[in-house]
>>> print(open('data18.cif').read())   # mmCIF, C-alpha atoms and all ligand atoms
data_work
loop_
_atom_site.label_atom_id
_atom_site.label_comp_id
_atom_site.auth_asym_id
_atom_site.auth_seq_id
_atom_site.Cartn_x
_atom_site.Cartn_y
_atom_site.Cartn_z
CA MET V 1 -16.90 90.13 -24.13
CA ARG V 2 -15.36 86.73 -23.79
CA ILE V 3 -14.65 84.49 -26.71
CA ASN V 4 -16.12 81.05 -26.37
CA GLN V 5 -13.60 78.19 -26.47
CA ALA V 6 -15.94 76.33 -28.83
CA VAL V 7 -15.46 79.13 -31.39
CA ILE V 8 -11.67 78.75 -31.13
CA ASN V 9 -11.92 74.98 -31.44
CA ALA V 10 -14.14 75.19 -34.52
CA HIS V 11 -11.66 77.59 -36.11
CA ASN V 12 -8.80 75.18 -35.33
CA ASP V 13 -10.68 72.21 -36.74
CA GLU V 14 -11.01 74.05 -40.00
CA LEU V 15 -7.27 74.76 -40.25
CA ILE V 16 -5.80 71.67 -38.63
CA THR V 17 -5.01 69.62 -41.76
CA LYS V 18 -3.07 72.41 -43.40
CA HIS V 19 -1.33 73.22 -40.11
CA LEU V 20 -0.22 69.65 -39.46
CA ARG V 21 1.18 69.34 -42.96
CA ALA V 22 3.36 72.43 -42.43
CA PHE V 23 4.30 71.53 -38.84
CA ASN V 24 5.33 67.95 -39.63
CA PHE V 25 7.38 69.15 -42.59
CA LEU V 26 9.24 71.66 -40.43
CA LYS V 27 9.72 69.20 -37.58
CA GLU V 28 11.78 66.93 -39.84
CA ASP V 29 14.64 69.43 -39.81
CA ILE V 30 14.54 70.59 -36.20
CA LEU V 31 16.20 68.55 -33.50
CA GLN V 32 14.78 70.19 -30.40
CA THR V 33 11.14 70.65 -31.42
CA GLU V 34 9.60 69.75 -28.06
CA GLU V 35 12.03 71.95 -26.13
CA VAL V 36 11.28 74.91 -28.41
CA LEU V 37 7.53 74.36 -28.11
CA ASP V 38 7.77 74.22 -24.32
CA LYS V 39 9.67 77.53 -24.23
CA LEU V 40 7.20 79.11 -26.64
CA GLN V 41 4.22 78.08 -24.55
CA LYS V 42 5.75 79.70 -21.47
CA PHE V 43 6.84 82.92 -23.16
CA GLN V 44 4.37 85.72 -22.36
CA ILE V 45 4.47 89.31 -23.56
CA ALA V 46 2.72 91.95 -21.48
CA ILE V 47 0.23 94.28 -23.11
CA PRO V 48 0.28 97.92 -22.02
CA SER V 49 -3.08 99.37 -21.09
CA TRP V 50 -2.48 102.38 -23.35
CA ALA V 51 -2.15 100.28 -26.51
CA LEU V 52 -5.80 99.15 -26.47
CA GLY V 53 -7.19 102.39 -27.83
CA THR V 54 -6.24 103.99 -31.12
CA GLY V 55 -3.03 105.95 -30.78
CA GLY V 56 -2.35 109.27 -32.40
CA THR V 57 0.41 111.49 -33.63
CA ARG V 58 1.14 115.03 -32.51
CA PHE V 59 -1.00 116.15 -35.43
CA GLY V 60 -4.13 114.35 -34.44
CA ARG V 61 -5.94 111.21 -33.52
CA PHE V 62 -8.55 109.29 -35.47
CA SER V 63 -10.65 107.45 -32.94
CA GLY V 64 -11.55 103.84 -33.44
CA LYS V 65 -14.90 102.38 -32.49
CA GLY V 66 -15.71 100.18 -29.52
CA GLU V 67 -12.58 101.24 -27.62
CA PRO V 68 -12.33 100.19 -23.96
CA GLY V 69 -13.75 103.05 -21.92
CA ASN V 70 -12.50 101.93 -18.51
CA LEU V 71 -9.99 99.65 -16.82
CA GLU V 72 -12.38 96.69 -16.73
CA GLN V 73 -12.84 96.85 -20.49
CA LYS V 74 -9.08 97.17 -21.03
CA ILE V 75 -8.59 93.98 -19.01
CA GLU V 76 -11.32 92.33 -21.10
CA ASP V 77 -9.46 93.31 -24.27
CA VAL V 78 -6.20 91.80 -23.05
CA GLY V 79 -8.22 88.73 -22.02
CA LEU V 80 -9.44 88.46 -25.61
CA LEU V 81 -5.91 88.68 -26.96
CA HIS V 82 -4.74 86.06 -24.51
CA ALA V 83 -7.60 83.71 -25.38
CA LEU V 84 -6.62 83.96 -29.04
CA ASN V 85 -2.82 83.76 -28.82
CA LYS V 86 -2.14 82.37 -25.30
CA SER V 87 0.91 84.64 -25.18
CA SER V 88 -0.50 87.87 -23.74
CA GLY V 89 -1.03 86.77 -20.16
CA ALA V 90 -0.03 90.05 -18.50
CA ILE V 91 -1.17 93.66 -18.50
CA SER V 92 0.95 96.69 -17.71
CA LEU V 93 -0.97 99.57 -16.16
CA HIS V 94 -0.34 103.24 -16.48
CA ILE V 95 -1.02 105.40 -13.45
CA PRO V 96 -2.99 107.68 -13.28
CA TRP V 97 -4.80 106.60 -16.44
CA ASP V 98 -5.78 103.25 -14.96
CA ILE V 99 -6.22 103.62 -11.20
CA PRO V 100 -8.39 100.71 -9.99
CA GLN V 101 -11.44 101.78 -7.97
CA ASN V 102 -11.74 98.36 -6.37
CA VAL V 103 -8.45 96.50 -6.40
CA GLU V 104 -9.84 93.12 -5.33
CA LYS V 105 -12.49 93.16 -8.05
CA ILE V 106 -9.93 94.16 -10.67
CA LYS V 107 -7.60 91.36 -9.60
CA GLU V 108 -10.47 88.89 -9.73
CA LEU V 109 -11.43 90.04 -13.20
CA ALA V 110 -7.84 89.78 -14.47
CA ASN V 111 -7.50 86.37 -12.87
CA SER V 112 -10.65 85.16 -14.61
CA PHE V 113 -8.89 85.81 -17.93
CA GLY V 114 -5.64 84.20 -16.75
CA LEU V 115 -3.88 87.58 -16.56
CA VAL V 116 -1.34 88.93 -14.09
CA PHE V 117 -0.21 92.52 -13.58
CA ASP V 118 3.14 93.36 -15.09
CA ALA V 119 5.18 96.52 -14.38
CA VAL V 120 3.29 99.62 -13.31
CA ASN V 121 4.18 102.83 -15.10
CA SER V 122 4.35 106.31 -13.60
CA ASN V 123 3.51 109.44 -15.51
CA THR V 124 5.26 112.73 -14.92
CA PHE V 125 5.17 113.76 -18.55
CA GLN V 126 1.79 115.45 -18.46
CA ASP V 127 -0.10 117.52 -15.89
CA GLN V 128 -3.08 116.00 -14.14
CA PRO V 129 -6.20 118.00 -13.16
CA GLU V 130 -5.68 118.65 -9.46
CA GLN V 131 -1.94 118.74 -9.39
CA GLU V 132 -0.15 121.67 -7.73
CA TYR V 133 2.90 122.16 -9.95
CA SER V 134 3.36 121.81 -13.69
CA TYR V 135 5.74 119.36 -15.38
CA LYS V 136 6.37 121.78 -18.21
CA PHE V 137 10.06 122.05 -17.34
CA GLY V 138 10.53 118.51 -16.12
CA SER V 139 9.81 116.36 -13.08
CA LEU V 140 12.52 114.40 -11.25
CA HIS V 141 15.26 116.62 -12.73
CA HIS V 142 13.45 119.91 -12.03
CA VAL V 143 15.33 122.92 -10.60
CA ASP V 144 12.56 123.42 -8.01
CA PRO V 145 12.65 120.95 -5.06
CA ASN V 146 8.86 121.26 -4.64
CA MET V 147 8.38 120.07 -8.19
CA ARG V 148 10.69 117.14 -7.63
CA LYS V 149 8.87 116.27 -4.42
CA GLN V 150 5.54 116.14 -6.26
CA ALA V 151 7.01 113.81 -8.90
CA ILE V 152 8.65 111.60 -6.25
CA GLU V 153 5.38 111.30 -4.36
CA HIS V 154 3.57 110.32 -7.54
CA ASN V 155 6.05 107.50 -8.15
CA ILE V 156 5.67 106.28 -4.57
CA GLU V 157 1.90 106.27 -5.07
CA VAL V 158 2.37 104.18 -8.22
CA ILE V 159 4.44 101.65 -6.25
CA LYS V 160 1.64 101.42 -3.68
CA GLN V 161 -0.93 100.81 -6.41
CA GLY V 162 1.36 98.16 -7.89
CA ILE V 163 1.82 96.37 -4.56
CA ALA V 164 -1.97 96.13 -4.20
CA LEU V 165 -2.27 94.63 -7.70
CA GLY V 166 0.58 92.15 -7.30
CA SER V 167 2.99 93.88 -9.68
CA LYS V 168 6.70 93.42 -9.06
CA SER V 169 8.22 96.37 -10.86
CA ILE V 170 7.86 100.05 -11.66
CA THR V 171 8.94 101.54 -14.96
CA VAL V 172 10.14 105.11 -14.78
CA TRP V 173 10.28 106.96 -18.04
CA LEU V 174 11.00 110.66 -17.88
CA ALA V 175 10.14 113.24 -20.48
CA ASP V 176 12.68 115.47 -18.69
CA GLY V 177 15.11 117.21 -20.98
CA SER V 178 15.75 120.49 -22.75
CA SER V 179 14.93 121.81 -26.18
CA PHE V 180 17.54 124.57 -26.48
CA PRO V 181 21.25 124.79 -25.68
CA GLY V 182 21.86 126.59 -22.43
CA GLN V 183 18.45 125.78 -21.03
CA LEU V 184 19.77 123.16 -18.64
CA ASN V 185 22.81 122.43 -16.54
CA PHE V 186 23.33 118.76 -17.53
CA ARG V 187 25.21 117.78 -14.37
CA GLU V 188 22.67 119.40 -12.09
CA ALA V 189 19.76 117.80 -13.99
CA PHE V 190 21.41 114.37 -13.66
CA GLN V 191 22.14 114.84 -9.94
CA HIS V 192 18.57 115.93 -9.27
CA THR V 193 17.28 112.91 -11.17
CA LEU V 194 19.56 110.59 -9.21
CA SER V 195 18.56 111.98 -5.81
CA SER V 196 14.86 111.87 -6.77
CA LEU V 197 15.18 108.24 -7.91
CA GLN V 198 17.00 107.44 -4.65
CA GLU V 199 13.98 108.73 -2.73
CA ILE V 200 11.64 106.54 -4.80
CA TYR V 201 13.97 103.54 -4.55
CA LYS V 202 13.58 103.55 -0.75
CA TYR V 203 9.94 102.59 -1.18
CA LEU V 204 10.60 99.55 -3.38
CA PRO V 205 9.65 96.28 -1.66
CA GLU V 206 12.41 93.68 -1.36
CA ASP V 207 11.21 91.61 -4.33
CA TRP V 208 10.59 94.60 -6.62
CA LYS V 209 12.63 96.02 -9.48
CA MET V 210 12.92 99.58 -10.75
CA PHE V 211 13.15 99.80 -14.55
CA ILE V 212 14.85 102.94 -15.81
CA GLU V 213 13.89 103.70 -19.38
CA TYR V 214 15.92 105.96 -21.66
CA LYS V 215 15.04 107.80 -24.84
CA ALA V 216 17.30 109.66 -27.25
CA PHE V 217 14.92 112.55 -27.90
CA GLU V 218 11.29 113.63 -27.85
CA PRO V 219 9.38 115.30 -26.37
CA HIS V 220 12.53 117.41 -26.03
CA PHE V 221 14.72 118.05 -29.02
CA TYR V 222 18.10 119.12 -27.67
CA SER V 223 18.79 116.87 -24.68
CA THR V 224 17.05 114.15 -22.72
CA THR V 225 18.15 113.77 -19.11
CA ILE V 226 18.12 109.97 -19.37
CA GLY V 227 19.03 109.90 -23.05
CA ASP V 228 20.80 106.61 -23.61
CA TRP V 229 21.68 103.30 -22.06
CA GLY V 230 24.89 104.68 -20.56
CA GLN V 231 23.01 107.30 -18.59
CA SER V 232 20.39 104.77 -17.50
CA LEU V 233 23.05 102.24 -16.46
CA LEU V 234 24.91 104.92 -14.53
CA LEU V 235 21.75 105.65 -12.55
CA ALA V 236 20.94 101.95 -12.10
CA ASN V 237 24.45 101.24 -10.78
CA LYS V 238 24.31 104.14 -8.34
CA LEU V 239 20.83 103.19 -7.13
CA GLY V 240 21.53 99.55 -6.27
CA ASP V 241 20.67 95.94 -6.98
CA LYS V 242 16.98 96.51 -7.60
CA ALA V 243 17.51 99.09 -10.36
CA TYR V 244 17.86 98.03 -14.00
CA THR V 245 18.04 99.53 -17.48
CA LEU V 246 14.97 99.11 -19.66
CA VAL V 247 15.51 98.96 -23.42
CA ASP V 248 12.76 100.36 -25.66
CA LEU V 249 13.55 99.51 -29.28
CA GLY V 250 12.35 102.84 -30.64
CA HIS V 251 14.30 104.99 -28.18
CA HIS V 252 17.64 104.93 -29.99
CA LEU V 253 19.29 107.14 -32.55
CA PRO V 254 19.10 105.72 -36.09
CA ASN V 255 21.24 102.63 -36.75
CA ALA V 256 22.19 102.12 -33.11
CA ASN V 257 23.40 98.56 -32.54
CA ILE V 258 20.71 97.56 -30.08
CA GLU V 259 21.76 93.91 -30.00
CA GLN V 260 25.19 94.93 -28.74
CA ILE V 261 23.66 97.14 -26.05
CA VAL V 262 21.47 94.25 -24.92
CA SER V 263 24.41 91.87 -24.83
CA LEU V 264 26.48 94.11 -22.53
CA LEU V 265 23.59 95.01 -20.24
CA LEU V 266 22.89 91.30 -19.78
CA MET V 267 26.55 90.64 -19.08
CA GLU V 268 26.42 93.26 -16.34
CA GLY V 269 23.21 91.79 -14.90
CA LYS V 270 21.49 95.12 -15.45
CA LEU V 271 19.01 94.43 -18.25
CA ALA V 272 15.47 94.92 -16.96
CA GLY V 273 13.67 93.86 -20.06
CA PHE V 274 12.14 95.16 -23.21
CA HIS V 275 9.64 97.49 -24.72
CA PHE V 276 8.97 96.11 -28.19
CA ASN V 277 7.98 98.24 -31.17
CA ASP V 278 9.53 99.14 -34.50
CA SER V 279 10.46 102.28 -36.39
CA LYS V 280 11.78 103.38 -39.74
CA TYR V 281 13.00 106.83 -38.72
CA ALA V 282 12.60 108.01 -35.17
CA ASP V 283 9.21 106.91 -33.96
CA ASP V 284 8.52 104.20 -31.42
CA ASP V 285 5.00 103.19 -32.31
CA LEU V 286 5.08 100.84 -35.28
CA THR V 287 4.21 97.15 -34.98
CA ALA V 288 7.11 95.01 -33.73
CA GLY V 289 8.91 93.33 -36.62
CA SER V 290 7.10 95.36 -39.29
CA ILE V 291 10.19 97.26 -40.47
CA LYS V 292 13.33 95.52 -39.20
CA PRO V 293 12.55 91.87 -38.47
CA TYR V 294 16.22 90.87 -38.86
CA GLN V 295 17.19 93.32 -36.13
CA LEU V 296 14.53 91.80 -33.87
CA PHE V 297 15.99 88.36 -34.55
CA LEU V 298 19.55 89.56 -33.82
CA ILE V 299 18.37 91.06 -30.54
CA PHE V 300 16.75 87.77 -29.52
CA ASN V 301 19.91 85.96 -30.56
CA GLU V 302 21.88 88.06 -28.05
CA LEU V 303 19.15 87.78 -25.44
CA ILE V 304 19.11 83.99 -25.57
CA ASP V 305 22.90 83.77 -25.60
CA GLY V 306 23.15 86.16 -22.64
CA MET V 307 20.28 84.66 -20.65
CA ASP V 308 21.61 81.13 -21.10
CA ALA V 309 25.10 82.25 -20.08
CA ARG V 310 23.72 83.58 -16.80
CA GLY V 311 21.13 80.84 -16.27
CA ILE V 312 18.24 83.29 -16.60
CA ASP V 313 14.80 81.78 -17.26
CA HIS V 314 13.57 83.08 -20.62
CA ALA V 315 9.97 83.46 -19.54
CA SER V 316 10.36 85.06 -16.13
CA GLY V 317 13.89 86.46 -15.86
CA LEU V 318 13.29 89.67 -17.79
CA GLY V 319 10.30 91.91 -18.43
CA TRP V 320 8.76 91.56 -21.89
CA MET V 321 6.30 94.19 -22.97
CA ILE V 322 4.95 95.81 -26.09
CA ASP V 323 5.11 99.60 -26.15
CA ALA V 324 3.49 100.76 -29.35
CA SER V 325 0.27 102.41 -30.30
CA HIS V 326 -0.45 103.67 -33.76
CA ASN V 327 -3.45 105.15 -35.47
CA LEU V 328 -4.10 103.16 -38.64
CA LYS V 329 -4.98 99.64 -37.51
CA ASP V 330 -7.43 98.11 -35.10
CA PRO V 331 -5.32 98.19 -31.90
CA LEU V 332 -6.15 94.58 -31.00
CA VAL V 333 -5.15 93.24 -34.40
CA ASP V 334 -1.99 95.34 -34.27
CA LEU V 335 -1.12 93.79 -30.91
CA LEU V 336 -1.73 90.28 -32.27
CA GLN V 337 0.69 91.08 -35.09
CA SER V 338 3.31 92.40 -32.66
CA VAL V 339 3.11 89.39 -30.37
CA GLU V 340 3.37 87.05 -33.37
CA ALA V 341 6.43 88.90 -34.72
CA ILE V 342 8.13 88.75 -31.32
CA LYS V 343 7.46 85.03 -30.98
CA ILE V 344 8.71 84.34 -34.49
CA ALA V 345 11.98 86.19 -33.78
CA TYR V 346 12.32 84.37 -30.45
CA THR V 347 11.77 80.99 -32.13
CA GLN V 348 14.25 81.71 -34.91
CA ALA V 349 16.85 82.70 -32.32
CA LEU V 350 16.18 79.46 -30.40
CA LEU V 351 17.15 77.58 -33.57
CA VAL V 352 20.63 79.13 -33.78
CA ASP V 353 23.27 76.43 -33.41
CA ARG V 354 25.12 77.84 -30.35
CA THR V 355 28.01 75.39 -30.45
CA ALA V 356 28.62 75.90 -34.16
CA ILE V 357 28.58 79.69 -33.93
CA LYS V 358 30.98 79.61 -31.00
CA ASP V 359 33.35 77.49 -33.07
CA ALA V 360 33.01 79.85 -36.04
CA GLN V 361 33.81 82.82 -33.80
CA GLN V 362 36.82 81.10 -32.25
CA SER V 363 38.24 80.32 -35.68
CA ASN V 364 37.35 83.72 -37.15
CA ASP V 365 35.18 82.02 -39.75
CA VAL V 366 33.11 85.05 -40.71
CA VAL V 367 31.29 83.33 -43.56
CA LYS V 368 30.24 80.42 -41.39
CA ALA V 369 29.04 82.68 -38.57
CA GLN V 370 26.82 84.57 -40.98
CA GLU V 371 25.53 81.35 -42.52
CA ILE V 372 24.57 79.97 -39.11
CA LEU V 373 22.60 83.06 -38.18
CA GLN V 374 20.86 83.34 -41.51
CA GLU V 375 20.05 79.64 -41.60
CA ALA V 376 17.99 80.17 -38.44
CA TYR V 377 16.55 83.52 -39.53
CA ARG V 378 15.40 82.22 -42.91
CA THR V 379 13.57 79.26 -41.44
CA ASP V 380 9.82 79.76 -41.63
CA VAL V 381 8.98 78.98 -38.01
CA ARG V 382 5.35 80.07 -38.14
CA PRO V 383 4.03 76.48 -37.89
CA LEU V 384 6.03 76.04 -34.64
CA VAL V 385 4.58 79.21 -33.15
CA ALA V 386 1.09 78.09 -34.22
CA GLU V 387 1.60 74.61 -32.76
CA ALA V 388 2.60 76.10 -29.38
CA ARG V 389 -0.52 78.24 -29.47
CA LEU V 390 -2.69 75.25 -30.40
CA ARG V 391 -1.31 73.17 -27.53
CA SER V 392 -2.12 76.00 -25.10
CA GLY V 393 -5.71 76.22 -26.35
CA GLY V 394 -5.30 79.30 -28.54
CA ALA V 395 -6.25 79.86 -32.15
CA LEU V 396 -4.16 78.59 -35.06
CA ASN V 397 -4.65 81.91 -36.81
CA PRO V 398 -5.65 84.58 -34.25
CA ILE V 399 -6.00 87.43 -36.74
CA ARG V 400 -8.19 85.41 -39.08
CA LEU V 401 -10.39 84.36 -36.18
CA PHE V 402 -10.58 87.95 -34.89
CA GLU V 403 -11.95 88.97 -38.25
CA GLU V 404 -14.18 85.97 -38.91
CA ALA V 405 -15.76 86.14 -35.48
CA GLN V 406 -16.28 89.88 -36.02
CA ILE V 407 -14.85 90.63 -32.61
CA ARG V 408 -14.60 94.38 -33.18
CA ASN V 409 -18.24 94.54 -34.23
CA GLN V 410 -19.21 92.69 -31.07
CA LEU V 411 -17.22 95.18 -29.00
CA ILE V 412 -18.87 98.10 -30.79
CA ALA V 413 -22.28 96.57 -30.10
CA GLU V 414 -21.39 96.35 -26.40
CA ARG V 415 -19.57 99.63 -25.94
CA GLY V 416 -20.84 101.91 -28.66
CA GLU V 417 -19.04 103.83 -31.36
CA ASN V 418 -17.80 106.79 -29.37
CA THR V 419 -15.97 105.35 -26.39
CA LYS V 420 -12.50 106.66 -25.82
CA ALA V 421 -9.72 104.86 -23.98
CA THR V 422 -8.46 106.74 -20.94
CA GLY V 423 -5.14 108.43 -21.40
CA LEU V 424 -5.45 108.91 -25.15
MN MN V 501 8.71 102.48 -23.69
#
>>> encode(input="data18.cif", output="structure tokens")
Amino acid sequence: MRINQAVINAHNDELITKHLRAFNFLKEDILQTEEVLDKLQKFQIAIPSWALGTGGTRFGRFSGKGEPGNLEQKIEDVGLLHALNKSSGAISLHIPWDIPQNVEKIKELANSFGLVFDAVNSNTFQDQPEQEYSYKFGSLHHVDPNMRKQAIEHNIEVIKQGIALGSKSITVWLADGSSFPGQLNFREAFQHTLSSLQEIYKYLPEDWKMFIEYKAFEPHFYSTTIGDWGQSLLLANKLGDKAYTLVDLGHHLPNANIEQIVSLLLMEGKLAGFHFNDSKYADDDLTAGSIKPYQLFLIFNELIDGMDARGIDHASGLGWMIDASHNLKDPLVDLLQSVEAIKIAYTQALLVDRTAIKDAQQSNDVVKAQEILQEAYRTDVRPLVAEARLRSGGALNPIRLFEEAQIRNQLIAERGENTKATGL
């Protein structure tokens, strides 16, 4: 389904008086309102194709209704999100869950919703029906060269699919690791991974990037072959200029200082971008900003500082993507909440007085430095985020409109109650 612009406009008309009151009040205290709004309008966060169906845990999955049953419907769902928030203008596909049957038609469909294709993602963490070897003991790090070859060829295939779609990057996340001491020779596993990635790297077009994602644990519980940012950066440095480290918020050990990691990766010119989510313990599937919004703000504070220091365009310089999928909420509403939380944190970080904090740091004024950060963090910037959305033609309150327009019920009427998103 497509949401009619007249429905969005009617919704905005209803809320406009209240919105303008809040926006004008906030504007009084912000010097660079127009600059912030311009940046907000440009800032897009890619939606992963696997987040559109209800996620599950290892104990089970409770299916939602009216889920997208094919790639076309997944694109439609992202189109809906983008129509509502004007900030979800890209989709990240997962191969082989989302192989397009007709690339030109798929591109046309995406284009009709104003969407582009973000990073393509390979999958060597589960076996596919007609595949020769099993990934049970790993893929790119495997002891058997035939196994590694199969995984390399899959990644090359993903690059080819991505080229056809107009993507510019491939994200490689490996489930490779070990669950018991002694199972794996760490050095050998790393070397195999490096030489496999080198094979894949050869197939990257000139203007492409390879994103190397790391994860502290899970699915393996003793070691992960690309377990932290150091291991990812080591690989990226050995591979070359087109390889970068991808930070997924939920892939760290508890209390890791992610903002510091981000800062140094940016300094080294090796930060690929982000997978946003949140976690309380060790998961990576909760809505962005739902547990640790201050951490999200601190990360954006470092991102903006680091991007500005290197002259990196906020909207296009790095890859921004959500990577979360849980099982309690309507996936589309959950994604609207995540995008909103990310934009709020981004806006708050844009309000940090960069000159003042530099001065505070230079004079070791710890109190002042904290005050400057918290002054920005405690500003309620929601009217700014809403104003940017309004100016782009989106809804003042996307979640409210999603519910009032009964969008899920319309999707159920179109698709039925028992559809299941591919890959879940
Ligand atoms: Mn991820």
>>> residues_near_point(input="data18.cif", point="(7.3, 115.8, -8.4)", cutoff="12 Å", atoms="only C-alpha atoms", output="MDAnalysis selection string")
chainID V and resid 122:128 131:157 174 176 192:193 196:197 199:200
>>> axis_aligned_box(input="data18.cif", around="stretch 7-23 of chain V", padding_each_side="6 Å", output="AutoDock Vina command-line options")
--center_x -5.6 --center_y 74.2 --center_z -37.3 --size_x 31.8 --size_y 21.8 --size_z 24.3
>>> atom_distance(input="data18.cif", atom1="atom CA of V:Ser112", atom2="atom CA of V:Ser87")
15.7 Å
>>> closest_atom_pairs(input="data18.cif", of="chain V", to="ligand MN 501 (chain V)", cutoff="7 Å", atoms="all atoms listed in the file", output="CSV")
residue,atom,partner,partner_atom,distance
V:Glu213,CA,V:MN501,MN,6.8
V:Asp248,CA,V:MN501,MN,5.0
V:His275,CA,V:MN501,MN,5.2
V:Asp323,CA,V:MN501,MN,5.2
>>> closest_residue(input="data18.cif", among="V:Pro293, V:Gly250, V:Gly394, V:Gly227", to="V:Ile342", atoms="all atoms listed in the file")
V:Pro293
>>> residues_around(input="data18.cif", residues="V:Ile163", least_positions_apart="5", cutoff="12 Å", atoms="all atoms listed in the file", output="list in words")
Val103, Lys107, Phe117, Asp118, Ala119, Val120, Ile156, Glu157, Val158, Lys168, Ser169, Ile170, Tyr203, Leu204, Pro205, Glu206, Asp207, Trp208 and Lys209 of chain V
>>> closest_residue(input="data18.cif", among="V:Thr171, V:Ser63, V:Ser279, V:Asn257", to="V:His94", atoms="only C-alpha atoms")
V:Thr171
>>> residues_around(input="data18.cif", residues="V:Ile258", least_positions_apart="3", cutoff="7 Å", atoms="only C-alpha atoms", output="list of chain:residue names")
V:Ile261, V:Val262, V:Ile299
>>> build_atoms(input="data18.cif", residues="stretch 328-340 of chain V", atoms="N, CA and C atoms", output="CSV table (one decimal), keeping the file's coordinate frame")
chain,number,residue,atom,x,y,z
V,328,LEU,N,-3.5,103.6,-37.4
V,328,LEU,CA,-4.1,103.2,-38.6
V,328,LEU,C,-4.9,101.8,-38.5
V,329,LYS,N,-4.4,101.0,-37.6
V,329,LYS,CA,-5.0,99.6,-37.5
V,329,LYS,C,-5.9,99.5,-36.3
V,330,ASP,N,-6.7,98.5,-36.3
V,330,ASP,CA,-7.4,98.1,-35.1
V,330,ASP,C,-6.4,97.8,-34.1
V,331,PRO,N,-6.4,98.4,-32.9
V,331,PRO,CA,-5.3,98.2,-31.9
V,331,PRO,C,-5.2,96.7,-31.5
V,332,LEU,N,-6.3,96.0,-31.4
V,332,LEU,CA,-6.2,94.6,-31.0
V,332,LEU,C,-5.5,93.7,-32.1
V,333,VAL,N,-5.8,94.0,-33.3
V,333,VAL,CA,-5.2,93.2,-34.4
V,333,VAL,C,-3.7,93.6,-34.5
V,334,ASP,N,-3.4,94.9,-34.3
V,334,ASP,CA,-2.0,95.3,-34.3
V,334,ASP,C,-1.2,94.6,-33.2
V,335,LEU,N,-1.8,94.5,-32.0
V,335,LEU,CA,-1.1,93.8,-30.9
V,335,LEU,C,-0.9,92.3,-31.2
V,336,LEU,N,-1.9,91.7,-31.9
V,336,LEU,CA,-1.7,90.3,-32.3
V,336,LEU,C,-0.5,90.2,-33.2
V,337,GLN,N,-0.4,91.1,-34.1
V,337,GLN,CA,0.7,91.1,-35.1
V,337,GLN,C,2.0,91.3,-34.4
V,338,SER,N,2.1,92.2,-33.4
V,338,SER,CA,3.3,92.4,-32.7
V,338,SER,C,3.7,91.2,-31.9
V,339,VAL,N,2.8,90.6,-31.2
V,339,VAL,CA,3.1,89.4,-30.4
V,339,VAL,C,3.6,88.3,-31.3
V,340,GLU,N,3.0,88.1,-32.4
V,340,GLU,CA,3.4,87.0,-33.4
V,340,GLU,C,4.8,87.3,-33.9
